[in-house]
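S.K.: Following this line is target_4.pdb, made up of PDB, C-alpha atoms:
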```pdb
ATOM      1  CA  MET K  19      19.638  59.262  90.025  1.00  0.00           C
ATOM      2  CA  THR K  20      15.879  59.033  90.012  1.00  0.00           C
ATOM      3  CA  LYS K  21      13.558  60.814  87.612  1.00  0.00           C
ATOM      4  CA  VAL K  22      12.521  64.235  88.863  1.00  0.00           C
ATOM      5  CA  ASP K  23       8.825  65.007  88.557  1.00  0.00           C
ATOM      6  CA  ASP K  24       8.444  68.537  87.174  1.00  0.00           C
ATOM      7  CA  ALA K  25       5.430  69.097  89.449  1.00  0.00           C
ATOM      8  CA  LEU K  26       7.525  68.705  92.597  1.00  0.00           C
ATOM      9  CA  ASP K  27       8.549  71.807  94.490  1.00  0.00           C
ATOM     10  CA  VAL K  28      12.182  72.860  94.366  1.00  0.00           C
ATOM     11  CA  THR K  29      13.523  74.008  97.731  1.00  0.00           C
ATOM     12  CA  ILE K  30      16.535  76.324  97.993  1.00  0.00           C
ATOM     13  CA  ARG K  31      18.493  76.236 101.255  1.00  0.00           C
ATOM     14  CA  ALA K  32      21.990  76.771 102.619  1.00  0.00           C
ATOM     15  CA  GLY K  33      24.340  73.855 102.141  1.00  0.00           C
ATOM     16  CA  ARG K  34      25.146  71.656 105.135  1.00  0.00           C
ATOM     17  CA  PRO K  35      28.114  69.364 105.895  1.00  0.00           C
ATOM     18  CA  GLU K  36      25.990  66.319 105.132  1.00  0.00           C
ATOM     19  CA  ASP K  37      25.573  67.661 101.564  1.00  0.00           C
ATOM     20  CA  ALA K  38      29.305  67.310 100.826  1.00  0.00           C
ATOM     21  CA  GLU K  39      29.027  64.056  98.857  1.00  0.00           C
ATOM     22  CA  ALA K  40      26.097  65.291  96.752  1.00  0.00           C
ATOM     23  CA  MET K  41      27.849  68.632  96.191  1.00  0.00           C
ATOM     24  CA  HIS K  42      30.963  66.840  94.980  1.00  0.00           C
ATOM     25  CA  ARG K  43      28.886  64.640  92.669  1.00  0.00           C
ATOM     26  CA  ALA K  44      27.352  67.817  91.223  1.00  0.00           C
ATOM     27  CA  ILE K  45      30.812  69.259  90.524  1.00  0.00           C
ATOM     28  CA  LEU K  46      31.866  65.986  88.886  1.00  0.00           C
ATOM     29  CA  ALA K  47      28.724  66.069  86.733  1.00  0.00           C
ATOM     30  CA  MET K  48      29.480  69.667  85.757  1.00  0.00           C
ATOM     31  CA  GLY K  49      33.042  68.700  84.819  1.00  0.00           C
ATOM     32  CA  ARG K  50      31.775  65.733  82.827  1.00  0.00           C
ATOM     33  CA  GLY K  51      29.340  67.987  80.958  1.00  0.00           C
ATOM     34  CA  LEU K  52      32.175  70.362  80.053  1.00  0.00           C
ATOM     35  CA  GLY K  53      34.462  67.496  79.032  1.00  0.00           C
ATOM     36  CA  MET K  54      36.804  68.330  81.927  1.00  0.00           C
ATOM     37  CA  LYS K  55      35.997  65.745  84.608  1.00  0.00           C
ATOM     38  CA  THR K  56      39.606  64.518  84.673  1.00  0.00           C
ATOM     39  CA  LYS K  57      40.747  67.996  85.785  1.00  0.00           C
ATOM     40  CA  ILE K  58      38.737  67.736  89.022  1.00  0.00           C
ATOM     41  CA  THR K  59      40.937  66.591  91.889  1.00  0.00           C
ATOM     42  CA  SER K  60      38.728  67.670  94.812  1.00  0.00           C
ATOM     43  CA  THR K  61      37.001  65.167  97.072  1.00  0.00           C
ATOM     44  CA  ALA K  62      33.805  65.214  99.089  1.00  0.00           C
ATOM     45  CA  GLU K  63      36.004  65.477 102.175  1.00  0.00           C
ATOM     46  CA  ASP K  64      37.535  68.691 100.749  1.00  0.00           C
ATOM     47  CA  PHE K  65      34.024  70.121 100.496  1.00  0.00           C
ATOM     48  CA  ARG K  66      33.160  69.067 104.045  1.00  0.00           C
ATOM     49  CA  ARG K  67      36.450  70.357 105.499  1.00  0.00           C
ATOM     50  CA  CYS K  68      36.598  73.673 103.613  1.00  0.00           C
ATOM     51  CA  GLY K  69      32.957  74.634 103.206  1.00  0.00           C
ATOM     52  CA  PHE K  70      31.629  74.624 106.727  1.00  0.00           C
ATOM     53  CA  GLY K  71      32.446  75.933 110.181  1.00  0.00           C
ATOM     54  CA  SER K  72      33.928  79.192 111.420  1.00  0.00           C
ATOM     55  CA  GLU K  73      36.819  79.123 108.904  1.00  0.00           C
ATOM     56  CA  ALA K  74      34.764  78.107 105.845  1.00  0.00           C
ATOM     57  CA  ALA K  75      36.453  78.970 102.543  1.00  0.00           C
ATOM     58  CA  PHE K  76      33.130  79.093 100.713  1.00  0.00           C
ATOM     59  CA  GLY K  77      29.387  79.168 101.201  1.00  0.00           C
ATOM     60  CA  SER K  78      26.789  77.217  99.318  1.00  0.00           C
ATOM     61  CA  PHE K  79      23.137  77.056  98.438  1.00  0.00           C
ATOM     62  CA  VAL K  80      21.552  73.856  97.239  1.00  0.00           C
ATOM     63  CA  ALA K  81      18.361  73.176  95.338  1.00  0.00           C
ATOM     64  CA  GLU K  82      16.478  70.065  96.370  1.00  0.00           C
ATOM     65  CA  VAL K  83      13.542  68.093  95.095  1.00  0.00           C
ATOM     66  CA  GLY K  84      12.282  65.428  97.475  1.00  0.00           C
ATOM     67  CA  GLY K  85      15.518  65.515  99.470  1.00  0.00           C
ATOM     68  CA  GLU K  86      17.661  65.054  96.330  1.00  0.00           C
ATOM     69  CA  LEU K  87      20.247  67.720  95.474  1.00  0.00           C
ATOM     70  CA  VAL K  88      19.428  68.981  91.977  1.00  0.00           C
ATOM     71  CA  GLY K  89      21.314  72.287  92.022  1.00  0.00           C
ATOM     72  CA  LEU K  90      24.308  73.932  93.639  1.00  0.00           C
ATOM     73  CA  CYS K  91      25.626  77.480  93.943  1.00  0.00           C
ATOM     74  CA  LEU K  92      29.060  77.643  95.530  1.00  0.00           C
ATOM     75  CA  TYR K  93      30.142  81.205  96.393  1.00  0.00           C
ATOM     76  CA  PHE K  94      32.389  83.327  98.542  1.00  0.00           C
ATOM     77  CA  PRO K  95      32.425  86.953  99.691  1.00  0.00           C
ATOM     78  CA  ILE K  96      34.616  89.450  97.842  1.00  0.00           C
ATOM     79  CA  PHE K  97      35.379  93.150  98.186  1.00  0.00           C
ATOM     80  CA  SER K  98      35.834  95.866  95.575  1.00  0.00           C
ATOM     81  CA  THR K  99      38.426  98.437  96.533  1.00  0.00           C
ATOM     82  CA  TRP K 100      37.166 100.688  93.726  1.00  0.00           C
ATOM     83  CA  ARG K 101      33.518 100.474  94.784  1.00  0.00           C
ATOM     84  CA  GLY K 102      34.292 100.335  98.496  1.00  0.00           C
ATOM     85  CA  ARG K 103      31.657  97.634  98.822  1.00  0.00           C
ATOM     86  CA  PRO K 104      31.452  93.904  99.410  1.00  0.00           C
ATOM     87  CA  GLY K 105      30.045  91.550  96.833  1.00  0.00           C
ATOM     88  CA  VAL K 106      29.782  87.864  96.067  1.00  0.00           C
ATOM     89  CA  PHE K 107      31.738  85.675  93.656  1.00  0.00           C
ATOM     90  CA  VAL K 108      29.923  82.611  92.352  1.00  0.00           C
ATOM     91  CA  GLN K 109      32.545  79.933  91.834  1.00  0.00           C
ATOM     92  CA  ASP K 110      30.230  77.189  90.568  1.00  0.00           C
ATOM     93  CA  LEU K 111      26.624  77.014  89.488  1.00  0.00           C
ATOM     94  CA  TYR K 112      25.211  73.585  88.683  1.00  0.00           C
ATOM     95  CA  VAL K 113      21.702  72.476  87.839  1.00  0.00           C
ATOM     96  CA  ASP K 114      20.853  68.854  87.105  1.00  0.00           C
ATOM     97  CA  GLU K 115      20.148  68.533  83.386  1.00  0.00           C
ATOM     98  CA  ARG K 116      16.632  67.263  84.147  1.00  0.00           C
ATOM     99  CA  LEU K 117      15.752  70.670  85.633  1.00  0.00           C
ATOM    100  CA  ARG K 118      17.613  73.044  83.337  1.00  0.00           C
ATOM    101  CA  GLY K 119      15.440  75.729  81.818  1.00  0.00           C
ATOM    102  CA  GLN K 120      13.030  75.623  84.774  1.00  0.00           C
ATOM    103  CA  GLY K 121      14.410  78.583  86.729  1.00  0.00           C
ATOM    104  CA  VAL K 122      16.496  76.692  89.287  1.00  0.00           C
ATOM    105  CA  GLY K 123      19.783  78.348  88.286  1.00  0.00           C
ATOM    106  CA  GLY K 124      18.239  81.801  88.454  1.00  0.00           C
ATOM    107  CA  ARG K 125      16.817  81.070  91.897  1.00  0.00           C
ATOM    108  CA  LEU K 126      20.216  79.929  93.157  1.00  0.00           C
ATOM    109  CA  LEU K 127      21.924  83.060  91.793  1.00  0.00           C
ATOM    110  CA  ARG K 128      19.249  85.310  93.294  1.00  0.00           C
ATOM    111  CA  GLU K 129      19.814  83.591  96.650  1.00  0.00           C
ATOM    112  CA  ALA K 130      23.555  84.335  96.449  1.00  0.00           C
ATOM    113  CA  ALA K 131      22.857  87.960  95.461  1.00  0.00           C
ATOM    114  CA  SER K 132      20.384  88.326  98.339  1.00  0.00           C
ATOM    115  CA  TRP K 133      22.923  86.833 100.745  1.00  0.00           C
ATOM    116  CA  SER K 134      25.449  89.456  99.651  1.00  0.00           C
ATOM    117  CA  LYS K 135      22.954  92.332  99.721  1.00  0.00           C
ATOM    118  CA  ALA K 136      22.010  91.466 103.315  1.00  0.00           C
ATOM    119  CA  ARG K 137      25.685  91.991 104.205  1.00  0.00           C
ATOM    120  CA  GLY K 138      25.982  95.338 102.404  1.00  0.00           C
ATOM    121  CA  GLY K 139      27.033  93.870  99.059  1.00  0.00           C
ATOM    122  CA  ASP K 140      26.032  95.469  95.796  1.00  0.00           C
ATOM    123  CA  TYR K 141      27.518  93.258  93.087  1.00  0.00           C
ATOM    124  CA  LEU K 142      27.933  89.668  91.919  1.00  0.00           C
ATOM    125  CA  ARG K 143      30.782  88.310  89.831  1.00  0.00           C
ATOM    126  CA  LEU K 144      31.431  84.945  88.254  1.00  0.00           C
ATOM    127  CA  ALA K 145      33.569  83.358  85.576  1.00  0.00           C
ATOM    128  CA  VAL K 146      32.239  81.119  82.839  1.00  0.00           C
ATOM    129  CA  ASP K 147      34.066  78.690  80.591  1.00  0.00           C
ATOM    130  CA  ALA K 148      34.830  80.468  77.298  1.00  0.00           C
ATOM    131  CA  GLU K 149      33.279  77.625  75.304  1.00  0.00           C
ATOM    132  CA  ASN K 150      30.106  77.323  77.404  1.00  0.00           C
ATOM    133  CA  LEU K 151      27.908  79.499  75.211  1.00  0.00           C
ATOM    134  CA  ALA K 152      24.652  78.245  76.735  1.00  0.00           C
ATOM    135  CA  ALA K 153      25.779  79.383  80.198  1.00  0.00           C
ATOM    136  CA  GLN K 154      26.905  82.732  78.799  1.00  0.00           C
ATOM    137  CA  ARG K 155      23.475  83.307  77.233  1.00  0.00           C
ATOM    138  CA  PHE K 156      21.787  82.270  80.494  1.00  0.00           C
ATOM    139  CA  TYR K 157      23.834  84.778  82.514  1.00  0.00           C
ATOM    140  CA  GLU K 158      23.189  87.551  79.985  1.00  0.00           C
ATOM    141  CA  ARG K 159      19.422  86.951  80.274  1.00  0.00           C
ATOM    142  CA  LEU K 160      19.753  87.514  84.040  1.00  0.00           C
ATOM    143  CA  GLY K 161      21.668  90.762  83.516  1.00  0.00           C
ATOM    144  CA  ILE K 162      25.053  89.255  84.412  1.00  0.00           C
ATOM    145  CA  THR K 163      27.136  90.673  81.595  1.00  0.00           C
ATOM    146  CA  TRP K 164      30.594  89.929  80.283  1.00  0.00           C
ATOM    147  CA  GLN K 165      33.066  92.541  81.442  1.00  0.00           C
ATOM    148  CA  LYS K 166      35.236  93.338  78.446  1.00  0.00           C
ATOM    149  CA  ALA K 167      37.655  95.389  80.572  1.00  0.00           C
ATOM    150  CA  ASP K 168      38.513  92.456  82.864  1.00  0.00           C
ATOM    151  CA  ARG K 169      40.633  89.421  82.139  1.00  0.00           C
ATOM    152  CA  GLU K 170      41.044  86.677  84.709  1.00  0.00           C
ATOM    153  CA  HIS K 171      44.584  85.507  85.507  1.00  0.00           C
ATOM    154  CA  ALA K 172      45.522  82.578  87.707  1.00  0.00           C
ATOM    155  CA  ALA K 173      48.507  80.781  89.207  1.00  0.00           C
ATOM    156  CA  TYR K 174      48.171  77.049  89.838  1.00  0.00           C
ATOM    157  CA  GLY K 175      50.556  74.244  90.737  1.00  0.00           C
ATOM    158  CA  ASP K 176      54.235  75.113  90.266  1.00  0.00           C
ATOM    159  CA  ALA K 177      53.471  78.743  89.424  1.00  0.00           C
ATOM    160  CA  PHE K 178      51.485  79.139  92.655  1.00  0.00           C
ATOM    161  CA  ARG K 179      54.141  77.417  94.747  1.00  0.00           C
ATOM    162  CA  ALA K 180      56.816  79.681  93.247  1.00  0.00           C
ATOM    163  CA  LEU K 181      54.812  82.735  94.315  1.00  0.00           C
ATOM    164  CA  ALA K 182      53.977  81.366  97.757  1.00  0.00           C
ATOM    165  CA  ASP K 183      57.525  80.225  98.489  1.00  0.00           C
ATOM    166  CA  ALA K 184      59.310  83.316  97.111  1.00  0.00           C
ATOM    167  CA  ASN K 185      59.860  84.813 100.569  1.00  0.00           C
ATOM    168  CA  ASP K 186      61.124  81.628 102.238  1.00  0.00           C
TER
END
```
Let me see the structure of the file written as structure tokens.
M.R.:
Amino acid sequence: MTKVDDALDVTIRAGRPEDAEAMHRAILAMGRGLGMKTKITSTAEDFRRCGFGSEAAFGSFVAEVGGELVGLCLYFPIFSTWRGRPGVFVQDLYVDERLRGQGVGGRLLREAASWSKARGGDYLRLAVDAENLAAQRFYERLGITWQKADREHAAYGDAFRALADAND
């Protein structure tokens, strides 16, 4: 990756299919930074297949400098039955380490929040790795607070298949 000149303008735009490889590289870099790269099994083709078109499983915004992807916000719409309103869930937020602390992450999150608001949404949710204290502090500064009343649960692999196949 080339050096990014701080004086260059950062552009935020919707992700496009041709961004799939750069988006996947960003996710790999995020995993590497968290010491979890070996847990990532997705491919660039997964991003291209699942992130675009009429049946897209997620949306994305990218930050670019000089045509180079330097940030990524991968999100999807959600709905609160208690609030009776749509919202947005940010699955991944990545900013190239050369641009961290320069407002790129905040701009990407504001873009996702604006996207949701334009569709009647009034909230944003995300999950953060329990050990990623820097990210937690960053989110708190933006007013994205930890919800003590919630605890995320998940089913993956065999546990997911057991649930999905229970009615077969």
S.K.: How far is it from atom CA of Glu63 of chain K to atom CA of Ile96 of chain K, in Å with one decimal?
M.R.: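 Separation of atom CA of Glu63 of chain K and atom CA of Ile96 of chain K: 24.4 Å.
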S.K.: Looking at all atoms listed in the file, which of K:Leu92, K:Val106, K:Ala167, K:Leu52 is the one that sits closest to Arg137 of chain K?
M.R.: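 Between K:Leu92, K:Val106, K:Ala167, K:Leu52, the residue approaching Arg137 of chain K most closely is K:Val106.
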S.K.: Apply the PyMOL selection byres ((chain K and resi 123-131) around 9) to the structure shown and report the selected residues as a PyMOL selection string.
M.R.: chain K and resi 30-31+78-81+89-93+105-108+111-113+118-122+132-136+139-142+156-157+160
S.K.: Could you state which residues are captured by the PyMOL selection byres ((chain K and resi 69) around 10) in this file, as a VMD selection string?
M.R.: chain K and resid 33 to 35 38 63 to 68 70 to 78 92 to 94
S.K.: Starting from the point (28.1, 85.6, 79.7), work out which residues of protein, DNA or RNA have an atom no more than 7 Å away when counting all atoms listed in the file; state them as a count of residues only.
M.R.: 9
S.K.: Tell me which of K:Pro95, K:Met54, K:Asp27, K:Gly84 sits closest to Glu149 of chain K, counting only C-alpha atoms.
M.R.: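 Selected residue with least distance to Glu149 of chain K: K:Met54.
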S.K.: Looking at K:Ala182, K:Ala177, K:Ala152, K:Ala145, which one is nearest to Gln165 of chain K, with distances taken over only C-alpha atoms?
M.R.: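 Ranking K:Ala182, K:Ala177, K:Ala152, K:Ala145 by distance to Gln165 of chain K, first place goes to K:Ala145.
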S.K.: Produce the centre coordinates and the three edge lengths, each in Å to one decimal, of the box along x, y and z that contains all listed atoms of segment 33-43 of chain K with 4 Å added on each side, as AutoDock Vina command-line options.
M.R.:
```
--center_x 27.7 --center_y 69.0 --center_z 99.3 --size_x 14.6 --size_y 17.8 --size_z 21.2
```
S.K.: Enter the distance from atom CA of Glu82 of chain K to atom CA of Thr29 of chain K, in Å, rounded to one decimal.
M.R.: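 So the two atoms, atom CA of Glu82 of chain K and atom CA of Thr29 of chain K, lie 5.1 Å apart.
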S.K.: Could you tell me how far atom CA of Ala62 of chain K lies from atom CA of Ala47 of chain K, in Å and to one decimal?
M.R.: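 About the pair atom CA of Ala62 of chain K and atom CA of Ala47 of chain K: they are 13.4 Å apart.
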S.K.: Missing atoms in segment 61-72 of chain K: can you complete it with all heavy atoms, as a PDB file, in the coordinates of the input?
M.R.:
```pdb
ATOM      1  N   THR K  61      37.743  66.299  96.516  1.00  0.00           N
ATOM      2  CA  THR K  61      37.001  65.167  97.072  1.00  0.00           C
ATOM      3  C   THR K  61      35.827  65.704  97.883  1.00  0.00           C
ATOM      4  O   THR K  61      35.790  66.896  98.238  1.00  0.00           O
ATOM      5  CB  THR K  61      37.884  64.321  98.005  1.00  0.00           C
ATOM      6  OG1 THR K  61      38.226  65.119  99.153  1.00  0.00           O
ATOM      7  CG2 THR K  61      39.151  63.845  97.298  1.00  0.00           C
ATOM      8  N   ALA K  62      34.913  64.823  98.211  1.00  0.00           N
ATOM      9  CA  ALA K  62      33.805  65.214  99.089  1.00  0.00           C
ATOM     10  C   ALA K  62      34.338  65.679 100.436  1.00  0.00           C
ATOM     11  O   ALA K  62      33.807  66.622 101.030  1.00  0.00           O
ATOM     12  CB  ALA K  62      32.833  64.047  99.260  1.00  0.00           C
ATOM     13  N   GLU K  63      35.414  65.065 100.906  1.00  0.00           N
ATOM     14  CA  GLU K  63      36.004  65.477 102.175  1.00  0.00           C
ATOM     15  C   GLU K  63      36.546  66.901 102.092  1.00  0.00           C
ATOM     16  O   GLU K  63      36.456  67.658 103.054  1.00  0.00           O
ATOM     17  CB  GLU K  63      37.108  64.500 102.611  1.00  0.00           C
ATOM     18  CG  GLU K  63      37.722  64.833 103.956  1.00  0.00           C
ATOM     19  CD  GLU K  63      36.704  65.009 105.081  1.00  0.00           C
ATOM     20  OE1 GLU K  63      35.672  64.318 105.106  1.00  0.00           O
ATOM     21  OE2 GLU K  63      36.946  65.872 105.961  1.00  0.00           O
ATOM     22  N   ASP K  64      37.091  67.300 100.934  1.00  0.00           N
ATOM     23  CA  ASP K  64      37.535  68.691 100.749  1.00  0.00           C
ATOM     24  C   ASP K  64      36.363  69.645 100.929  1.00  0.00           C
ATOM     25  O   ASP K  64      36.489  70.692 101.555  1.00  0.00           O
ATOM     26  CB  ASP K  64      38.136  68.893  99.357  1.00  0.00           C
ATOM     27  CG  ASP K  64      39.415  68.116  99.133  1.00  0.00           C
ATOM     28  OD1 ASP K  64      40.159  67.887 100.109  1.00  0.00           O
ATOM     29  OD2 ASP K  64      39.670  67.730  97.975  1.00  0.00           O
ATOM     30  N   PHE K  65      35.218  69.279 100.362  1.00  0.00           N
ATOM     31  CA  PHE K  65      34.024  70.121 100.496  1.00  0.00           C
ATOM     32  C   PHE K  65      33.603  70.218 101.960  1.00  0.00           C
ATOM     33  O   PHE K  65      33.309  71.301 102.457  1.00  0.00           O
ATOM     34  CB  PHE K  65      32.869  69.557  99.660  1.00  0.00           C
ATOM     35  CG  PHE K  65      32.980  69.878  98.203  1.00  0.00           C
ATOM     36  CD1 PHE K  65      33.995  69.346  97.419  1.00  0.00           C
ATOM     37  CD2 PHE K  65      32.072  70.727  97.600  1.00  0.00           C
ATOM     38  CE1 PHE K  65      34.101  69.647  96.082  1.00  0.00           C
ATOM     39  CE2 PHE K  65      32.172  71.047  96.249  1.00  0.00           C
ATOM     40  CZ  PHE K  65      33.197  70.505  95.496  1.00  0.00           C
ATOM     41  N   ARG K  66      33.586  69.085 102.635  1.00  0.00           N
ATOM     42  CA  ARG K  66      33.160  69.067 104.045  1.00  0.00           C
ATOM     43  C   ARG K  66      34.142  69.875 104.904  1.00  0.00           C
ATOM     44  O   ARG K  66      33.738  70.673 105.735  1.00  0.00           O
ATOM     45  CB  ARG K  66      33.085  67.620 104.539  1.00  0.00           C
ATOM     46  CG  ARG K  66      32.415  67.440 105.868  1.00  0.00           C
ATOM     47  CD  ARG K  66      32.234  65.984 106.319  1.00  0.00           C
ATOM     48  NE  ARG K  66      32.648  64.935 105.415  1.00  0.00           N
ATOM     49  CZ  ARG K  66      31.888  64.421 104.421  1.00  0.00           C
ATOM     50  NH1 ARG K  66      30.675  64.869 104.220  1.00  0.00           N
ATOM     51  NH2 ARG K  66      32.352  63.463 103.657  1.00  0.00           N
ATOM     52  N   ARG K  67      35.431  69.693 104.685  1.00  0.00           N
ATOM     53  CA  ARG K  67      36.450  70.357 105.499  1.00  0.00           C
ATOM     54  C   ARG K  67      36.511  71.865 105.235  1.00  0.00           C
ATOM     55  O   ARG K  67      36.661  72.654 106.158  1.00  0.00           O
ATOM     56  CB  ARG K  67      37.819  69.722 105.214  1.00  0.00           C
ATOM     57  CG  ARG K  67      38.948  70.276 106.055  1.00  0.00           C
ATOM     58  CD  ARG K  67      40.317  69.671 105.713  1.00  0.00           C
ATOM     59  NE  ARG K  67      40.755  70.088 104.368  1.00  0.00           N
ATOM     60  CZ  ARG K  67      40.747  69.304 103.292  1.00  0.00           C
ATOM     61  NH1 ARG K  67      40.349  68.055 103.377  1.00  0.00           N
ATOM     62  NH2 ARG K  67      41.155  69.762 102.130  1.00  0.00           N
ATOM     63  N   CYS K  68      36.372  72.267 103.981  1.00  0.00           N
ATOM     64  CA  CYS K  68      36.598  73.673 103.613  1.00  0.00           C
ATOM     65  C   CYS K  68      35.331  74.510 103.496  1.00  0.00           C
ATOM     66  O   CYS K  68      35.419  75.741 103.453  1.00  0.00           O
ATOM     67  CB  CYS K  68      37.358  73.738 102.291  1.00  0.00           C
ATOM     68  SG  CYS K  68      39.000  72.998 102.380  1.00  0.00           S
ATOM     69  N   GLY K  69      34.177  73.880 103.464  1.00  0.00           N
ATOM     70  CA  GLY K  69      32.957  74.634 103.206  1.00  0.00           C
ATOM     71  C   GLY K  69      32.076  74.914 104.401  1.00  0.00           C
ATOM     72  O   GLY K  69      31.029  75.543 104.247  1.00  0.00           O
ATOM     73  N   PHE K  70      32.504  74.490 105.575  1.00  0.00           N
ATOM     74  CA  PHE K  70      31.629  74.624 106.727  1.00  0.00           C
ATOM     75  C   PHE K  70      32.434  74.980 107.969  1.00  0.00           C
ATOM     76  O   PHE K  70      33.628  74.758 108.029  1.00  0.00           O
ATOM     77  CB  PHE K  70      30.837  73.326 106.941  1.00  0.00           C
ATOM     78  CG  PHE K  70      30.081  72.928 105.704  1.00  0.00           C
ATOM     79  CD1 PHE K  70      30.611  72.011 104.815  1.00  0.00           C
ATOM     80  CD2 PHE K  70      28.872  73.539 105.395  1.00  0.00           C
ATOM     81  CE1 PHE K  70      29.933  71.681 103.649  1.00  0.00           C
ATOM     82  CE2 PHE K  70      28.190  73.217 104.235  1.00  0.00           C
ATOM     83  CZ  PHE K  70      28.724  72.287 103.358  1.00  0.00           C
ATOM     84  N   GLY K  71      31.784  75.563 108.953  1.00  0.00           N
ATOM     85  CA  GLY K  71      32.446  75.933 110.181  1.00  0.00           C
ATOM     86  C   GLY K  71      32.898  77.385 110.176  1.00  0.00           C
ATOM     87  O   GLY K  71      32.676  78.121 109.210  1.00  0.00           O
ATOM     88  N   SER K  72      33.563  77.785 111.246  1.00  0.00           N
ATOM     89  CA  SER K  72      33.928  79.192 111.420  1.00  0.00           C
ATOM     90  C   SER K  72      34.993  79.657 110.428  1.00  0.00           C
ATOM     91  O   SER K  72      35.111  80.852 110.171  1.00  0.00           O
ATOM     92  CB  SER K  72      34.415  79.428 112.854  1.00  0.00           C
ATOM     93  OG  SER K  72      35.584  78.665 113.103  1.00  0.00           O
TER      94      SER K  72
END
```
